[in-house]
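What follows is the content of protein-v2.cif (mmCIF, C-alpha atoms).
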data_run
loop_
_atom_site.label_atom_id
_atom_site.label_comp_id
_atom_site.auth_asym_id
_atom_site.auth_seq_id
_atom_site.Cartn_x
_atom_site.Cartn_y
_atom_site.Cartn_z
CA MET A 1 10.91 21.19 9.41
CA ALA A 2 11.90 19.83 6.01
CA LEU A 3 9.60 17.27 4.42
CA ALA A 4 10.75 14.46 2.12
CA SER A 5 9.02 12.00 -0.17
CA LEU A 6 9.28 8.25 0.41
CA ASP A 7 10.18 7.04 -3.08
CA LEU A 8 9.45 3.45 -2.13
CA THR A 9 5.71 4.08 -2.48
CA HIS A 10 5.57 7.51 -4.17
CA VAL A 11 5.20 7.18 -7.95
CA LEU A 12 4.46 9.98 -10.40
CA TYR A 13 2.45 9.14 -13.54
CA ASP A 14 0.32 10.77 -16.24
CA ASP A 15 -3.10 11.22 -14.65
CA SER A 16 -4.78 11.39 -18.07
CA SER A 17 -3.59 7.92 -19.11
CA TYR A 18 -4.96 4.64 -17.78
CA PHE A 19 -1.91 2.89 -19.20
CA SER A 20 0.34 5.19 -17.19
CA LEU A 21 -1.70 4.35 -14.08
CA ALA A 22 -1.28 0.65 -14.84
CA MET A 23 2.48 1.14 -15.15
CA ALA A 24 2.53 2.97 -11.82
CA LEU A 25 0.77 0.04 -10.15
CA VAL A 26 3.13 -2.44 -11.82
CA THR A 27 6.19 -0.50 -10.73
CA LEU A 28 4.94 -0.75 -7.11
CA SER A 29 4.28 -4.49 -7.32
CA PRO A 30 7.80 -5.63 -6.25
CA ILE A 31 7.04 -4.19 -2.81
CA LEU A 32 4.70 -7.15 -2.32
CA LEU A 33 7.63 -9.56 -2.40
CA MET A 34 9.07 -8.58 0.97
CA PRO A 35 5.90 -9.29 3.01
CA SER A 36 5.48 -12.44 0.92
CA TYR A 37 8.99 -13.58 1.89
CA ALA A 38 8.22 -12.85 5.54
CA ALA A 39 4.89 -14.68 5.52
CA LEU A 40 6.31 -17.75 3.75
CA ALA A 41 9.34 -17.83 6.05
CA ILE A 42 7.17 -17.75 9.18
CA VAL A 43 4.58 -20.25 7.99
CA MET A 44 6.75 -22.73 6.06
CA ARG A 45 10.11 -22.40 7.92
CA GLU A 46 11.86 -23.36 4.67
CA MET A 47 15.61 -22.94 4.30
CA SER A 48 15.29 -22.21 0.57
CA ILE A 49 12.88 -19.34 1.20
CA LEU A 50 15.14 -17.88 3.90
CA ASN A 51 18.12 -18.15 1.54
CA MET A 52 16.26 -16.42 -1.27
CA TRP A 53 15.07 -13.67 1.07
CA ALA A 54 18.59 -13.08 2.40
CA GLY A 55 19.89 -12.92 -1.17
CA GLN A 56 17.26 -10.30 -2.03
CA PHE A 57 18.55 -8.07 0.78
CA CYS A 58 22.15 -8.63 -0.35
CA CYS A 59 21.24 -7.72 -3.92
CA GLU A 60 19.61 -4.50 -2.71
CA ALA A 61 22.74 -3.63 -0.70
CA PHE A 62 24.85 -4.35 -3.80
CA ASN A 63 22.68 -1.95 -5.82
CA LEU A 64 23.05 0.74 -3.18
CA VAL A 65 26.85 0.41 -3.22
CA ILE A 66 27.01 0.68 -7.03
CA LYS A 67 24.79 3.75 -7.03
CA ARG A 68 27.03 5.46 -4.48
CA LEU A 69 30.14 4.59 -6.50
CA VAL A 70 28.90 5.48 -10.01
CA LYS A 71 26.67 8.44 -9.06
CA GLN A 72 24.89 8.55 -12.42
CA ALA A 73 21.86 10.84 -12.49
CA ARG A 74 18.39 9.87 -13.62
CA PRO A 75 17.29 10.76 -17.18
CA PRO A 76 17.04 14.52 -17.84
CA GLY A 77 13.65 16.11 -18.33
CA LYS A 78 10.95 15.12 -15.87
CA LYS A 79 11.94 15.55 -12.24
CA VAL A 80 10.95 12.15 -10.84
CA GLY A 81 12.57 10.18 -8.09
CA ASN A 82 15.36 11.02 -5.69
CA GLY A 83 18.87 9.62 -5.66
CA TYR A 84 20.93 8.18 -8.48
CA GLY A 85 19.61 6.26 -11.47
CA PHE A 86 22.35 3.71 -12.24
CA PRO A 87 21.57 0.90 -12.06
CA SER A 88 17.79 0.66 -11.83
CA SER A 89 17.08 -0.89 -8.43
CA HIS A 90 13.65 -2.14 -9.49
CA SER A 91 15.11 -3.91 -12.52
CA GLN A 92 17.96 -5.41 -10.48
CA TYR A 93 15.50 -6.45 -7.77
CA MET A 94 13.28 -8.28 -10.25
CA GLY A 95 16.26 -9.69 -12.15
CA TYR A 96 17.50 -11.38 -9.00
CA PHE A 97 14.05 -12.58 -7.98
CA ALA A 98 13.23 -14.10 -11.38
CA THR A 99 16.64 -15.75 -11.80
CA PHE A 100 16.77 -17.35 -8.37
CA LEU A 101 13.16 -18.52 -8.53
CA LEU A 102 13.46 -19.94 -12.06
CA LEU A 103 16.61 -21.86 -11.11
CA HIS A 104 14.94 -23.19 -7.98
CA LEU A 105 11.80 -24.26 -9.84
CA HIS A 106 13.81 -25.88 -12.63
CA PHE A 107 16.28 -27.85 -10.51
CA ARG A 108 14.46 -28.51 -7.25
CA HIS A 109 10.73 -28.44 -7.84
CA THR A 110 8.29 -30.72 -9.63
CA PHE A 111 4.93 -29.29 -10.71
CA VAL A 112 2.55 -28.95 -13.65
CA PHE A 113 2.14 -25.86 -15.84
CA ARG A 114 5.90 -25.30 -15.79
CA ALA A 115 6.04 -23.31 -19.04
CA MET A 116 3.13 -21.10 -17.97
CA THR A 117 4.75 -20.39 -14.60
CA TYR A 118 8.11 -19.53 -16.18
CA SER A 119 6.43 -17.22 -18.70
CA ALA A 120 4.49 -15.41 -15.96
CA ILE A 121 7.65 -14.78 -13.89
CA ILE A 122 9.60 -13.51 -16.89
CA ALA A 123 6.68 -11.36 -18.08
CA TRP A 124 6.31 -9.74 -14.65
CA THR A 125 10.02 -8.94 -14.57
CA VAL A 126 10.00 -7.41 -18.06
CA VAL A 127 6.88 -5.31 -17.43
CA VAL A 128 8.29 -3.95 -14.14
CA ALA A 129 11.52 -3.02 -15.94
CA TYR A 130 9.57 -1.35 -18.76
CA SER A 131 7.45 0.60 -16.26
CA ARG A 132 10.59 2.32 -14.99
CA TYR A 133 11.31 3.55 -18.54
CA HIS A 134 7.70 4.50 -19.28
CA LEU A 135 7.46 6.56 -16.10
CA SER A 136 10.84 8.25 -16.91
CA TYR A 137 12.57 7.05 -13.75
CA HIS A 138 15.43 5.39 -15.66
CA SER A 139 17.05 5.30 -19.06
CA VAL A 140 17.19 2.15 -21.17
CA SER A 141 20.84 1.55 -20.28
CA GLN A 142 20.17 1.96 -16.55
CA ILE A 143 17.35 -0.58 -16.80
CA LEU A 144 19.36 -3.08 -18.84
CA TRP A 145 22.30 -2.79 -16.47
CA GLY A 146 19.96 -3.31 -13.53
CA LEU A 147 18.49 -6.44 -15.09
CA SER A 148 21.94 -7.78 -16.00
CA LEU A 149 23.34 -7.22 -12.52
CA GLY A 150 20.27 -8.74 -10.90
CA ILE A 151 20.40 -11.81 -13.13
CA SER A 152 24.13 -12.23 -12.55
CA PHE A 153 23.75 -11.80 -8.80
CA GLY A 154 20.84 -14.24 -8.67
CA PHE A 155 22.71 -16.87 -10.67
CA SER A 156 25.92 -16.49 -8.63
CA TYR A 157 24.05 -16.54 -5.33
CA TYR A 158 22.08 -19.65 -6.28
CA VAL A 159 25.18 -21.52 -7.43
CA THR A 160 27.07 -20.52 -4.28
CA LYS A 161 24.15 -21.69 -2.13
CA HIS A 162 24.13 -25.01 -3.97
CA LEU A 163 27.87 -25.50 -3.56
CA LEU A 164 27.62 -24.87 0.18
CA GLY A 165 25.43 -27.93 0.67
CA ARG A 166 27.45 -29.20 3.65
CA ALA A 167 27.19 -25.84 5.37
CA ARG A 168 23.42 -25.91 4.85
CA ALA A 169 23.24 -29.39 6.37
CA PHE A 170 25.33 -28.19 9.33
CA LEU A 171 23.00 -25.23 9.92
CA LEU A 172 19.93 -27.46 9.81
CA MET A 173 21.38 -29.54 12.65
CA THR A 174 22.18 -26.61 14.94
CA PRO A 175 20.05 -26.16 18.08
CA ILE A 176 18.67 -22.77 16.97
CA PHE A 177 17.49 -24.12 13.59
CA THR A 178 16.00 -27.16 15.31
CA TRP A 179 14.23 -24.98 17.87
CA LEU A 180 12.84 -22.75 15.11
CA ARG A 181 11.81 -25.88 13.16
CA ILE A 182 13.61 -24.71 10.02
CA ARG A 183 13.85 -27.38 7.35
CA ASP A 184 14.78 -27.89 3.70
CA GLY A 185 11.86 -29.83 2.30
CA TRP A 186 13.31 -29.97 -1.21
CA LEU A 187 16.17 -32.13 0.03
CA VAL A 188 13.59 -34.83 0.78
CA TRP A 189 10.61 -34.31 -1.54
CA PRO A 190 10.48 -33.03 -5.14
CA ASP A 191 7.69 -30.59 -4.24
CA GLY A 192 9.14 -29.50 -0.91
CA GLY A 193 6.79 -31.76 1.02
CA LEU A 194 3.46 -30.19 0.01
CA GLU A 195 1.92 -33.46 -1.18
CA HIS A 196 3.25 -35.34 1.87
CA GLN A 197 1.80 -32.75 4.23
CA TRP A 198 -1.55 -32.86 2.44
CA GLN A 199 -1.63 -36.67 2.65
CA LEU A 200 -0.95 -36.52 6.40
CA TRP A 201 -3.67 -33.94 6.89
CA TYR A 202 -6.15 -35.89 4.76
CA ARG A 203 -5.60 -39.16 6.62
CA GLU A 204 -5.97 -37.45 10.00
CA TRP A 205 -9.05 -35.53 8.85
CA ARG A 206 -10.67 -38.73 7.54
CA ARG A 207 -9.86 -40.53 10.79
CA ARG A 208 -11.45 -37.79 12.90
CA THR A 209 -14.44 -37.51 10.59
CA LYS A 210 -15.10 -41.24 10.83
CA SER A 211 -14.72 -41.10 14.62
CA GLU A 212 -17.22 -38.26 14.91
CA LEU A 213 -19.72 -40.05 12.67
CA HIS A 214 -19.32 -43.25 14.70
CA VAL A 215 -19.93 -41.39 17.98
CA ASN A 216 -22.97 -39.58 16.60
#

Please, can you express the file's structure as structure tokens?
Amino acid sequence: MALASLDLTHVLYDDSSYFSLAMALVTLSPILLMPSYAALAIVMREMSILNMWAGQFCCEAFNLVIKRLVKQARPPGKKVGNGYGFPSSHSQYMGYFATFLLLHLHFRHTFVFRAMTYSAIIAWTVVVAYSRYHLSYHSVSQILWGLSLGISFGFSYYVTKHLLGRARAFLLMTPIFTWLRIRDGWLVWPDGGLEHQWQLWYREWRRRTKSELHVN
């Protein structure tokens, strides 16, 4: 029976270097996005989150197609990773994620610490891309192409989603979306409804608290 390595979670690094260990952990960090998408989609039922999640899958499929067409090997030297190296899937993955999220936050969300949030998203993307070079999984050109394709895909996908506003409204009115309680909070509130939901909860909590105190 032949055994294979699951590259999704199998990362080789220099065991004598703490920095190399840090880069290995960073290069695994994008995996956290998929369960985050799932959790947010289930809890919030937000159309924007579902759209972004679907786009992430499409971007991954796009990367897979390009790799099968170009068939460019990984950098020579260290034998790390299976499959082709062009373009870097991690870099393309993060390029899409950062672009879509930054556009969404800029055009459809109102919050404080905007500059700090933008900087953190960009920094995470850059460090993940660099980790692929540091760990010898990709060349500089493979990483830059991955970032460029991810950014381009994220921008195009976001613009297309925005232009299909009527289709989004139609979907929100379908029986299945109504049954699943899917909504687009950013069409109504600048923060997606977080403040409104908190105000509703606070008023109800205060009402019940006063009732309990009155009974006691």

Show me the residues close to (13.7, -7.3, -10.6) - anything with an atom within 12 Å, counting all atoms listed in the file - and format the list as a ChimeraX atom specification.
/A:26-31,33,56,59-60,63,87-101,121-132,143-154

A:Arg74, A:Ala41, A:Leu135, A:Leu12 ranked by distance to Leu180 in chain A, top pick (using only C-alpha atoms):
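Result for the nearest residue to Leu180 in chain A: A:Ala41.
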
Atomic separation - CA of Ser136 in chain A relative to CA of Gly77 in chain A, Å
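Interatomic distance, CA of Gly77 in chain A to CA of Ser136 in chain A: 8.5 Å.
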
Quick one, how far is CA of Leu187 in chain A from CA of Glu46 in chain A?
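Atom-to-atom, CA of Leu187 in chain A and CA of Glu46 in chain A are spaced 10.8 Å apart.
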
Pick from A:Leu64, A:Cys58, A:Val188, A:Leu172, whichever lies nearest to Arg108 in chain A using all atoms listed in the file:
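Between A:Leu64, A:Cys58, A:Val188, A:Leu172, the residue approaching Arg108 in chain A most closely is A:Val188.
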
Kindly extract all protein, DNA and RNA residues lying within 9 Å of the coordinates (16.2, 12.8, -18.8) given in the file, considering all atoms listed in the file, and supply them as a ChimeraX atom specification.
/A:73-79,136-139

Just to be explicit: take each residue in the selection above, keep C-alpha atoms, and write the result as a JSON list (two decimals), in the coordinates of the input.
[["chain", "number", "residue", "atom", "x", "y", "z"],
["A", 73, "ALA", "CA", 21.86, 10.84, -12.49],
["A", 74, "ARG", "CA", 18.39, 9.87, -13.62],
["A", 75, "PRO", "CA", 17.29, 10.76, -17.18],
["A", 76, "PRO", "CA", 17.04, 14.52, -17.84],
["A", 77, "GLY", "CA", 13.65, 16.11, -18.33],
["A", 78, "LYS", "CA", 10.95, 15.12, -15.87],
["A", 79, "LYS", "CA", 11.94, 15.55, -12.24],
["A", 136, "SER", "CA", 10.84, 8.25, -16.91],
["A", 137, "TYR", "CA", 12.57, 7.05, -13.75],
["A", 138, "HIS", "CA", 15.43, 5.39, -15.66],
["A", 139, "SER", "CA", 17.05, 5.30, -19.06]]

When distances are computed from all atoms listed in the file, which of A:Leu171, A:Gln142, A:Ala39, A:Leu103 shows the smallest separation from Arg183 in chain A?
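Using all atoms listed in the file, Arg183 in chain A sits closest to A:Leu171.
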
For Val70 in chain A, please output as a ChimeraX atom specification all residues within 9 Å (counting all atoms listed in the file; exclusion window: fewer than 2 positions along the same chain).
/A:65-68,72,84,86-87
